[in-house]
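Trainee: Input model_9.cif, format and content: mmCIF, C-alpha atoms and all ligand atoms.
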```cif
data_query
loop_
_atom_site.label_atom_id
_atom_site.label_comp_id
_atom_site.auth_asym_id
_atom_site.auth_seq_id
_atom_site.Cartn_x
_atom_site.Cartn_y
_atom_site.Cartn_z
CA MET D 287 56.73 -21.31 -21.63
CA LYS D 288 53.03 -22.00 -21.23
CA PRO D 289 51.01 -19.24 -19.52
CA GLN D 290 50.02 -21.47 -16.56
CA ASN D 291 53.64 -22.18 -15.81
CA ARG D 292 54.46 -18.50 -15.77
CA THR D 293 51.64 -17.91 -13.27
CA LEU D 294 52.82 -20.78 -11.11
CA ARG D 295 56.34 -19.46 -11.02
CA ALA D 296 55.09 -16.01 -10.05
CA LEU D 297 53.01 -17.39 -7.16
CA PRO D 298 55.59 -16.97 -4.40
CA ARG D 299 55.90 -13.31 -5.36
CA ILE D 300 52.18 -12.51 -5.43
CA MET D 301 51.15 -14.62 -2.42
CA PRO D 302 51.96 -12.04 0.30
CA ALA D 303 50.03 -9.35 -1.58
CA PHE D 304 47.13 -11.74 -1.98
CA PHE D 305 46.99 -12.50 1.74
CA LEU D 306 47.23 -8.82 2.61
CA LEU D 307 44.25 -8.09 0.37
CA LEU D 308 42.31 -10.99 1.88
CA ALA D 309 43.03 -9.79 5.41
CA LEU D 310 41.98 -6.24 4.53
CA SER D 311 38.69 -7.34 3.00
CA CYS D 312 37.98 -9.56 6.05
CA MET D 313 38.62 -6.63 8.36
CA GLN D 314 36.19 -4.56 6.37
CA ALA D 315 33.57 -7.29 6.33
CA PHE D 316 33.70 -7.63 10.10
CA GLY D 317 33.74 -3.91 10.69
CA LEU D 318 37.32 -3.82 11.97
CA GLY D 319 38.49 -1.34 9.39
CA SER D 320 38.03 2.20 10.64
CA LYS D 321 35.21 3.80 8.74
CA GLU D 322 35.59 6.98 10.68
CA ALA D 323 38.94 7.56 12.33
CA PRO D 324 38.71 10.97 13.93
CA GLY D 325 41.85 12.45 15.33
CA GLN D 326 44.22 10.01 13.61
CA GLY D 327 45.53 12.43 11.07
CA ALA D 328 42.95 11.39 8.51
CA PRO D 329 41.44 14.16 6.41
CA ALA D 330 38.24 15.52 7.95
CA LEU D 331 35.72 13.84 5.68
CA THR D 332 31.99 14.07 6.29
CA PRO D 333 31.28 10.78 8.05
CA GLN D 334 29.44 8.34 5.85
CA ARG D 335 26.31 7.18 7.64
CA SER D 336 24.44 4.09 6.77
CA ILE D 337 21.03 2.63 7.63
CA ALA D 338 19.86 -0.95 7.08
CA VAL D 339 16.16 -1.72 6.68
CA PHE D 340 15.56 -5.36 7.56
CA ILE D 341 12.31 -6.71 6.09
CA PRO D 342 11.14 -9.71 8.16
CA GLY D 343 9.53 -11.50 5.23
CA ALA D 344 9.14 -10.02 1.76
CA MET D 345 8.17 -6.53 0.64
CA SER D 346 5.82 -7.58 -2.11
CA GLY D 347 2.27 -8.05 -0.85
CA SER D 348 3.00 -6.68 2.65
CA PRO D 349 2.35 -2.94 2.56
CA ILE D 350 3.39 -2.65 6.19
CA TYR D 351 6.94 -3.40 4.99
CA GLU D 352 6.68 -1.35 1.79
CA MET D 353 5.69 1.66 3.90
CA LEU D 354 8.62 1.03 6.22
CA ALA D 355 11.25 1.11 3.47
CA GLN D 356 9.59 4.04 1.75
CA GLY D 357 9.47 6.17 4.90
CA VAL D 358 13.12 5.54 5.75
CA LYS D 359 14.23 6.31 2.19
CA GLN D 360 12.24 9.51 2.11
CA ALA D 361 13.83 10.77 5.34
CA VAL D 362 17.31 9.93 4.09
CA ALA D 363 16.71 11.55 0.68
CA GLU D 364 15.51 14.68 2.38
CA LYS D 365 18.48 14.84 4.75
CA ASN D 366 20.93 14.08 1.97
CA GLY D 367 19.93 17.01 -0.19
CA ALA D 368 22.51 17.40 -2.94
CA GLN D 369 25.25 15.32 -1.31
CA ALA D 370 24.75 11.61 -0.72
CA THR D 371 26.48 11.07 2.61
CA LEU D 372 23.70 8.85 3.92
CA THR D 373 22.86 5.49 2.44
CA VAL D 374 19.97 3.07 2.93
CA THR D 375 20.23 -0.66 2.28
CA VAL D 376 17.04 -2.72 2.24
CA ILE D 377 17.50 -6.40 3.09
CA GLU D 378 14.68 -8.90 2.71
CA GLY D 379 14.97 -11.48 5.49
CA GLY D 380 12.65 -14.04 3.88
CA PHE D 381 9.89 -16.11 5.44
CA ASN D 382 12.03 -18.46 7.50
CA GLN D 383 11.69 -16.76 10.88
CA ALA D 384 14.37 -19.02 12.39
CA GLU D 385 16.93 -17.25 10.19
CA TRP D 386 16.10 -13.69 11.17
CA GLU D 387 18.28 -13.45 14.27
CA GLY D 388 21.29 -14.79 12.35
CA ARG D 389 20.71 -12.30 9.55
CA ILE D 390 20.43 -9.39 11.97
CA THR D 391 23.47 -10.56 13.92
CA ALA D 392 25.44 -10.50 10.66
CA LEU D 393 24.25 -6.95 9.94
CA ALA D 394 25.32 -5.82 13.42
CA ALA D 395 28.63 -7.72 13.16
CA SER D 396 29.45 -5.97 9.88
CA GLY D 397 29.73 -2.71 11.82
CA THR D 398 28.46 -0.99 8.69
CA TYR D 399 25.12 0.30 9.92
CA ASP D 400 24.58 3.13 12.36
CA LEU D 401 20.96 2.04 12.61
CA ILE D 402 19.00 -1.12 11.84
CA VAL D 403 15.33 -0.43 11.12
CA SER D 404 12.68 -3.15 11.12
CA SER D 405 9.03 -3.87 11.86
CA ASN D 406 6.92 -6.53 13.48
CA PRO D 407 6.13 -7.68 17.00
CA SER D 408 8.80 -10.39 17.03
CA LEU D 409 11.67 -8.00 16.32
CA PRO D 410 12.17 -6.40 19.76
CA ALA D 411 13.17 -9.73 21.35
CA ILE D 412 15.55 -10.52 18.48
CA ALA D 413 17.09 -7.03 18.58
CA ALA D 414 17.49 -7.25 22.37
CA SER D 415 19.44 -10.47 21.99
CA VAL D 416 21.67 -9.00 19.23
CA SER D 417 22.13 -5.72 21.14
CA SER D 418 23.72 -7.51 24.09
CA LYS D 419 26.44 -8.85 21.77
CA PHE D 420 26.95 -5.58 19.86
CA PRO D 421 26.67 -2.74 22.38
CA LYS D 422 27.13 -0.03 19.73
CA GLN D 423 24.38 -1.24 17.42
CA ARG D 424 21.16 0.73 17.54
CA PHE D 425 17.68 -0.25 16.41
CA LEU D 426 14.51 1.55 15.34
CA LEU D 427 11.61 -0.92 15.47
CA LEU D 428 8.03 -0.26 14.42
CA ASP D 429 4.94 -2.40 15.10
CA GLY D 430 6.52 -3.84 18.25
CA ALA D 431 7.26 -2.83 21.82
CA LEU D 432 10.20 -2.97 24.21
CA GLU D 433 10.89 -0.47 26.97
CA GLY D 434 14.19 0.22 28.67
CA ASN D 435 16.89 -1.09 26.30
CA PRO D 436 19.17 1.92 25.61
CA GLN D 437 20.00 0.62 22.12
CA ILE D 438 16.41 0.13 21.01
CA TYR D 439 13.54 2.51 20.24
CA THR D 440 10.11 1.03 19.49
CA LEU D 441 6.85 2.46 18.18
CA ARG D 442 3.61 0.54 17.90
CA TYR D 443 0.11 1.45 16.84
CA ASN D 444 -3.13 1.21 18.77
CA GLN D 445 -4.34 -1.92 17.00
CA ARG D 446 -7.34 -2.17 19.26
CA GLU D 447 -8.66 0.95 17.54
CA GLN D 448 -7.60 -0.30 14.11
CA ALA D 449 -9.30 -3.70 14.53
CA TYR D 450 -12.37 -2.29 16.29
CA MET D 451 -13.14 -0.05 13.30
CA ALA D 452 -12.64 -3.06 11.00
CA GLY D 453 -15.06 -5.21 13.03
CA HIS D 454 -17.62 -2.42 13.13
CA ILE D 455 -17.75 -1.95 9.35
CA ALA D 456 -17.63 -5.72 8.76
CA ALA D 457 -20.68 -6.30 10.98
CA LEU D 458 -22.58 -3.36 9.49
CA VAL D 459 -22.07 -4.65 5.96
CA ALA D 460 -22.71 -8.29 6.94
CA GLY D 461 -25.96 -7.34 8.67
CA GLU D 462 -27.32 -5.17 5.88
CA GLY D 463 -30.48 -6.45 4.22
CA ALA D 464 -30.86 -9.27 6.74
CA THR D 465 -34.41 -10.65 6.95
CA GLU D 466 -36.82 -10.06 9.87
CA ALA D 467 -36.04 -13.45 11.41
CA ARG D 468 -32.65 -11.96 12.00
CA ALA D 469 -29.76 -14.41 12.27
CA ALA D 470 -26.70 -13.22 14.19
CA VAL D 471 -24.09 -11.49 12.08
CA ARG D 472 -21.17 -13.75 11.10
CA ILE D 473 -17.86 -12.33 9.97
CA GLY D 474 -14.40 -13.77 9.43
CA LEU D 475 -10.74 -13.03 10.12
CA VAL D 476 -7.86 -14.69 8.27
CA ALA D 477 -4.43 -14.28 9.90
CA GLY D 478 -1.03 -15.27 8.51
CA GLN D 479 -0.09 -16.76 11.86
CA GLU D 480 -0.97 -16.54 15.53
CA TYR D 481 1.02 -14.08 17.65
CA PRO D 482 0.25 -12.19 20.85
CA ALA D 483 -0.85 -8.97 19.12
CA MET D 484 -3.22 -11.00 16.95
CA ASN D 485 -4.65 -13.23 19.68
CA GLU D 486 -4.77 -10.67 22.48
CA VAL D 487 -5.51 -7.41 20.66
CA ILE D 488 -6.55 -7.62 17.00
CA LEU D 489 -8.98 -10.58 17.15
CA PRO D 490 -10.73 -9.50 20.40
CA ALA D 491 -11.04 -5.88 19.21
CA TYR D 492 -12.41 -6.98 15.84
CA ARG D 493 -15.06 -8.99 17.69
CA GLU D 494 -15.70 -6.10 20.09
CA GLY D 495 -16.29 -3.69 17.19
CA ALA D 496 -18.68 -6.16 15.53
CA ARG D 497 -20.59 -6.62 18.79
CA GLN D 498 -21.22 -2.93 19.07
CA VAL D 499 -23.34 -3.44 15.92
CA ASP D 500 -24.80 -6.83 16.86
CA PRO D 501 -24.21 -8.18 20.38
CA GLN D 502 -24.67 -11.72 18.99
CA ALA D 503 -22.03 -11.32 16.23
CA THR D 504 -19.59 -14.22 15.86
CA VAL D 505 -16.13 -14.29 14.29
CA ASP D 506 -14.79 -17.23 12.29
CA PHE D 507 -11.03 -17.01 12.94
CA ARG D 508 -8.68 -18.94 10.64
CA VAL D 509 -4.90 -19.14 10.58
CA LEU D 510 -2.94 -19.70 7.39
CA GLY D 511 0.43 -20.69 8.84
CA ASN D 512 2.40 -18.36 6.55
CA TRP D 513 2.27 -14.90 4.97
CA PHE D 514 2.32 -15.80 1.29
CA ASP D 515 0.13 -18.75 0.25
CA ALA D 516 -2.69 -17.11 -1.76
CA GLY D 517 -4.08 -20.52 -2.81
CA LYS D 518 -4.57 -21.54 0.80
CA GLY D 519 -5.95 -18.08 1.58
CA ALA D 520 -8.59 -18.59 -1.12
CA GLU D 521 -9.44 -22.06 0.23
CA LEU D 522 -9.87 -20.80 3.78
CA ALA D 523 -11.98 -17.86 2.67
CA ALA D 524 -14.25 -20.04 0.50
CA ASP D 525 -14.79 -22.38 3.43
CA MET D 526 -15.60 -19.50 5.77
CA ILE D 527 -18.09 -18.09 3.28
CA ARG D 528 -19.77 -21.52 2.98
CA GLY D 529 -19.99 -21.45 6.78
CA GLY D 530 -21.93 -18.19 6.68
CA ALA D 531 -19.26 -15.47 6.98
CA LYS D 532 -20.33 -12.53 4.83
CA VAL D 533 -17.38 -10.20 5.37
CA ILE D 534 -13.76 -11.21 5.99
CA LEU D 535 -10.88 -9.17 7.43
CA THR D 536 -7.65 -10.43 5.93
CA ILE D 537 -4.24 -9.95 7.60
CA ALA D 538 -2.09 -12.43 5.72
CA GLY D 539 0.50 -10.57 3.59
CA SER D 540 0.51 -11.65 -0.04
CA ALA D 541 -2.07 -14.39 0.75
CA ASN D 542 -4.63 -11.55 1.00
CA GLU D 543 -4.90 -11.78 -2.79
CA GLY D 544 -6.41 -15.26 -2.49
CA VAL D 545 -8.90 -14.16 0.14
CA VAL D 546 -10.16 -11.24 -1.95
CA GLN D 547 -10.39 -13.43 -5.06
CA ALA D 548 -12.46 -16.09 -3.27
CA ALA D 549 -14.73 -13.44 -1.75
CA ALA D 550 -15.31 -11.78 -5.13
CA GLU D 551 -16.22 -15.14 -6.68
CA ALA D 552 -18.69 -15.95 -3.89
CA GLY D 553 -20.22 -12.48 -3.62
CA ALA D 554 -18.79 -11.93 -0.13
CA LYS D 555 -16.93 -8.82 1.03
CA VAL D 556 -13.48 -8.07 2.44
CA VAL D 557 -12.08 -5.55 4.90
CA TRP D 558 -8.51 -4.44 4.28
CA PHE D 559 -5.91 -3.73 6.96
CA ASP D 560 -2.85 -1.43 7.10
CA ILE D 561 -3.39 0.38 3.76
CA ASN D 562 -6.25 1.70 1.67
CA GLY D 563 -7.40 -1.44 -0.17
CA TYR D 564 -10.57 -0.26 -1.94
CA GLY D 565 -8.82 -0.05 -5.30
CA ILE D 566 -7.54 -3.63 -5.02
CA ARG D 567 -11.00 -4.99 -5.76
CA PRO D 568 -13.60 -2.24 -6.06
CA GLY D 569 -17.00 -3.46 -4.90
CA THR D 570 -15.52 -6.33 -2.86
CA VAL D 571 -13.34 -4.36 -0.45
CA VAL D 572 -15.76 -2.47 1.81
CA GLY D 573 -13.45 -1.12 4.52
CA SER D 574 -9.85 -0.02 5.03
CA SER D 575 -8.48 0.25 8.58
CA VAL D 576 -5.02 1.68 8.18
CA VAL D 577 -1.80 2.60 9.96
CA TYR D 578 0.41 5.38 8.63
CA GLN D 579 3.61 3.40 8.94
CA ASP D 580 5.26 5.35 6.10
CA LYS D 581 4.78 8.55 8.08
CA ALA D 582 6.02 6.94 11.30
CA ALA D 583 9.11 5.48 9.58
CA TYR D 584 9.87 8.83 7.95
CA GLU D 585 9.52 10.83 11.15
CA GLN D 586 11.43 8.46 13.40
CA THR D 587 14.29 8.13 10.89
CA LEU D 588 14.52 11.92 10.78
CA ARG D 589 14.63 11.97 14.57
CA PHE D 590 17.49 9.49 14.49
CA LEU D 591 19.40 11.54 11.91
CA GLU D 592 18.90 14.65 14.02
CA GLY D 593 20.07 12.86 17.15
CA THR D 594 16.75 13.11 19.00
CA LEU D 595 15.37 9.56 18.74
CA PRO D 596 14.76 8.54 22.37
CA PHE D 597 16.42 5.12 22.56
CA GLY D 598 15.07 3.09 25.45
CA LYS D 599 11.54 4.35 24.89
CA ALA D 600 8.46 2.48 23.63
CA GLU D 601 5.83 4.74 22.07
CA LEU D 602 2.19 3.96 21.26
CA LEU D 603 0.29 6.00 18.66
CA GLY D 604 -3.34 5.78 17.64
CA VAL D 605 -6.27 7.55 16.02
CA ALA D 606 -5.97 10.71 18.13
CA GLU D 607 -2.31 11.13 17.15
CA GLY D 608 -3.08 10.54 13.45
CA TYR D 609 -1.33 7.17 12.96
CA VAL D 610 -4.38 4.88 12.88
CA ASP D 611 -7.32 5.68 10.64
CA PHE D 612 -10.28 4.37 8.69
CA ILE D 613 -10.43 5.56 5.08
CA GLU D 614 -13.78 7.14 4.26
CA ALA D 615 -12.75 9.57 1.55
CA ASP D 616 -12.52 7.13 -1.32
CA PRO D 617 -14.91 6.91 -4.27
CA ASP D 618 -14.83 3.09 -4.18
CA TYR D 619 -15.92 3.12 -0.52
CA ARG D 620 -18.80 5.46 -1.34
CA ALA D 621 -19.77 3.34 -4.35
CA SER D 622 -19.74 -0.02 -2.57
CA VAL D 623 -21.14 0.86 0.88
CA SER D 624 -24.60 2.37 1.38
CA ALA D 625 -25.01 5.88 2.81
CA PRO D 626 -26.72 4.75 6.07
CA ILE D 627 -23.87 2.34 6.84
CA ARG D 628 -21.24 4.93 6.01
CA GLU D 629 -23.01 7.32 8.35
CA LYS D 630 -22.89 4.80 11.23
CA GLN D 631 -19.19 4.17 10.58
CA ARG D 632 -18.54 7.92 10.46
CA VAL D 633 -20.16 8.36 13.88
CA LEU D 634 -17.97 5.61 15.35
CA ILE D 635 -14.78 7.10 13.92
CA GLU D 636 -15.78 10.50 15.26
CA GLN D 637 -16.35 9.01 18.73
CA ILE D 638 -12.87 7.47 18.71
CA ARG D 639 -11.27 10.62 17.35
CA SER D 640 -12.92 12.86 19.94
CA GLY D 641 -12.12 10.52 22.82
CA ALA D 642 -15.83 9.85 23.54
CA LEU D 643 -15.03 6.18 22.89
CA ARG D 644 -11.72 5.22 24.43
CA LEU D 645 -10.12 2.02 23.18
CA GLU D 646 -6.98 1.79 25.22
CA GLU D 647 -4.48 -0.97 24.81
N1 LIG F 1 2.23 -8.85 8.24
C1 LIG F 1 2.32 -8.78 6.90
O1 LIG F 1 1.54 -8.05 6.28
N2 LIG F 1 3.27 -9.50 6.23
C2 LIG F 1 4.15 -10.33 6.84
O2 LIG F 1 4.98 -10.97 6.19
C3 LIG F 1 4.08 -10.41 8.27
N3 LIG F 1 4.94 -11.22 8.97
C4 LIG F 1 4.82 -11.30 10.31
C5 LIG F 1 5.68 -12.13 11.03
C6 LIG F 1 5.60 -12.23 12.42
C7 LIG F 1 6.54 -13.13 13.16
C8 LIG F 1 4.63 -11.48 13.11
C9 LIG F 1 4.53 -11.57 14.61
C10 LIG F 1 3.78 -10.65 12.42
C11 LIG F 1 3.84 -10.55 11.02
N4 LIG F 1 2.98 -9.73 10.30
C12 LIG F 1 3.08 -9.66 8.94
C13 LIG F 1 1.88 -9.00 10.96
C14 LIG F 1 2.18 -7.54 11.22
O3 LIG F 1 3.12 -7.48 12.27
C15 LIG F 1 0.92 -6.79 11.64
O4 LIG F 1 0.33 -7.37 12.78
C16 LIG F 1 -0.09 -6.74 10.54
O5 LIG F 1 0.48 -6.17 9.40
C17 LIG F 1 -1.31 -5.93 10.95
O6 LIG F 1 -0.99 -4.60 11.18
#
```
Just give me the structure as structure tokens.
Ligand code: RBF
Mentor:
Amino acid sequence: MKPQNRTLRALPRIMPAFFLLLALSCMQAFGLGSKEAPGQGAPALTPQRSIAVFIPGAMSGSPIYEMLAQGVKQAVAEKNGAQATLTVTVIEGGFNQAEWEGRITALAASGTYDLIVSSNPSLPAIAASVSSKFPKQRFLLLDGALEGNPQIYTLRYNQREQAYMAGHIAALVAGEGATEARAAVRIGLVAGQEYPAMNEVILPAYREGARQVDPQATVDFRVLGNWFDAGKGAELAADMIRGGAKVILTIAGSANEGVVQAAAEAGAKVVWFDINGYGIRPGTVVGSSVVYQDKAAYEQTLRFLEGTLPFGKAELLGVAEGYVDFIEADPDYRASVSAPIREKQRVLIEQIRSGALRLEE
């Protein structure tokens, strides 16, 4: 008898087993299998806990997301110690924002994750929608705000402070060495896309910081339309520089590479956002206005694991609390920015730190 025939004849016998297996794996996929079944005679195992980190975009080129994953992993590693009862799964959601809610719904529907962690201002609304369908699913969201949903905790940064410090250094550097017949300072801002935090906080505060240096300062604001196209980033930056912008703040994910490249070629300067960027292009990057998202992700994940994360709350942290900062202690900053300008920037940072200058959101 040929092998296929033997298999065919055996089919009626193996079919029930096959369907049983299929049903079991479906139950597991949809979270119907009991992961933890206390009090049902099961041996008292340490409950396996699991965290999903949902990256709304891609990790590479977006340090705000790299810091997120790193902070969560660090907290879990620390809690785990020798035994690995906690697991972290990082999922990249990709750049199609229309797919994010479906992806997060699937994570919640799996029933696998005690906590879904993510970051950006569009996530709270998505999580709120998913939370109403999955009342046990909990969320830790950074860089966004939503108050009063008992399944969601949010933490955002004072981006008025962050962008104000960026505008201040940009205008100082742009205005340096200007001739007597002083033209108004012109600086630029490239954004991946428009969103409320950009239009209502970051852009106005960047302009406000620049106008503390020169009340006539103007900002050339350009929008890329995505968070990855470095070629288009370079094109926009080159055009801004031709239009007179001397320093550009770039908030465009992996497209930042194009902006810094175009600036270096044209002898213009760049201000970095979210992480210390001096080393990315020494001599071209003249400022770094940062958020300590790795620290925030680490601390809030620990709070969750210890059962003290206050779901329902929306927290705001800034310079005074140590989550927003401007990096001065870097040899590339000292090498590329003159001492008098660094002194003026130092005074500003000190004023914000001490509360003498209050930049409330
Ligand atoms: N910032 C990034 O660096 N990379 C991204 O891929 C990215 N995607 C975003 C998508 C949306 C829908 C929104 C509203 C913001 C996004 N941001 C991204 C901006 C991010 O939230 C933050 O404002 C900046 O990182 C500045 O801190």
Trainee: Counting only C-alpha atoms and all ligand atoms, what are the residues, protein, DNA or RNA alike, that approach ligand LIG 1 (chain F) to within 8 Å? I want them as a PDB file with C-alpha atoms, keeping the file's coordinate frame.
Mentor:
```
ATOM      1  CA  PRO D 342      11.140  -9.710   8.160  1.00  0.00           C
ATOM      2  CA  GLY D 343       9.530 -11.500   5.230  1.00  0.00           C
ATOM      3  CA  ALA D 344       9.140 -10.020   1.760  1.00  0.00           C
ATOM      4  CA  MET D 345       8.170  -6.530   0.640  1.00  0.00           C
ATOM      5  CA  GLY D 347       2.270  -8.050  -0.850  1.00  0.00           C
ATOM      6  CA  SER D 348       3.000  -6.680   2.650  1.00  0.00           C
ATOM      7  CA  PRO D 349       2.350  -2.940   2.560  1.00  0.00           C
ATOM      8  CA  ILE D 350       3.390  -2.650   6.190  1.00  0.00           C
ATOM      9  CA  TYR D 351       6.940  -3.400   4.990  1.00  0.00           C
ATOM     10  CA  PHE D 381       9.890 -16.110   5.440  1.00  0.00           C
ATOM     11  CA  GLN D 383      11.690 -16.760  10.880  1.00  0.00           C
ATOM     12  CA  SER D 405       9.030  -3.870  11.860  1.00  0.00           C
ATOM     13  CA  ASN D 406       6.920  -6.530  13.480  1.00  0.00           C
ATOM     14  CA  PRO D 407       6.130  -7.680  17.000  1.00  0.00           C
ATOM     15  CA  SER D 408       8.800 -10.390  17.030  1.00  0.00           C
ATOM     16  CA  LEU D 409      11.670  -8.000  16.320  1.00  0.00           C
ATOM     17  CA  ASP D 429       4.940  -2.400  15.100  1.00  0.00           C
ATOM     18  CA  GLY D 430       6.520  -3.840  18.250  1.00  0.00           C
ATOM     19  CA  GLN D 445      -4.340  -1.920  17.000  1.00  0.00           C
ATOM     20  CA  GLY D 478      -1.030 -15.270   8.510  1.00  0.00           C
ATOM     21  CA  GLN D 479      -0.090 -16.760  11.860  1.00  0.00           C
ATOM     22  CA  GLU D 480      -0.970 -16.540  15.530  1.00  0.00           C
ATOM     23  CA  TYR D 481       1.020 -14.080  17.650  1.00  0.00           C
ATOM     24  CA  PRO D 482       0.250 -12.190  20.850  1.00  0.00           C
ATOM     25  CA  ALA D 483      -0.850  -8.970  19.120  1.00  0.00           C
ATOM     26  CA  MET D 484      -3.220 -11.000  16.950  1.00  0.00           C
ATOM     27  CA  ASN D 512       2.400 -18.360   6.550  1.00  0.00           C
ATOM     28  CA  TRP D 513       2.270 -14.900   4.970  1.00  0.00           C
ATOM     29  CA  PHE D 514       2.320 -15.800   1.290  1.00  0.00           C
ATOM     30  CA  ILE D 537      -4.240  -9.950   7.600  1.00  0.00           C
ATOM     31  CA  ALA D 538      -2.090 -12.430   5.720  1.00  0.00           C
ATOM     32  CA  GLY D 539       0.500 -10.570   3.590  1.00  0.00           C
ATOM     33  CA  SER D 540       0.510 -11.650  -0.040  1.00  0.00           C
ATOM     34  CA  PHE D 559      -5.910  -3.730   6.960  1.00  0.00           C
ATOM     35  CA  ASP D 560      -2.850  -1.430   7.100  1.00  0.00           C
ATOM     36  CA  VAL D 577      -1.800   2.600   9.960  1.00  0.00           C
TER      37      VAL D 577
END
```
Trainee: Can you work out which one of D:Ile527, D:Ala583, D:Ile638, D:Ile337 has the shortest atom-to-atom distance to Thr371 (chain D), counting only C-alpha atoms?
Mentor: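 Closest residue, counting only C-alpha atoms: D:Ile337.
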Trainee: Tell me, as a VMD selection string, which residues lie within 7 Å of Leu401 (chain D), counting all atoms listed in the file; anything in the same chain fewer than 4 positions away does not count.
Mentor: chain D and resid 337 to 338 423 to 425
Trainee: Which one is closest to Ser574 (chain D): D:Ile455, D:Ile438, D:Ala549, D:Ile488? Count all atoms listed in the file.
Mentor: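 Between D:Ile455, D:Ile438, D:Ala549, D:Ile488, the residue approaching Ser574 (chain D) most closely is D:Ile455.
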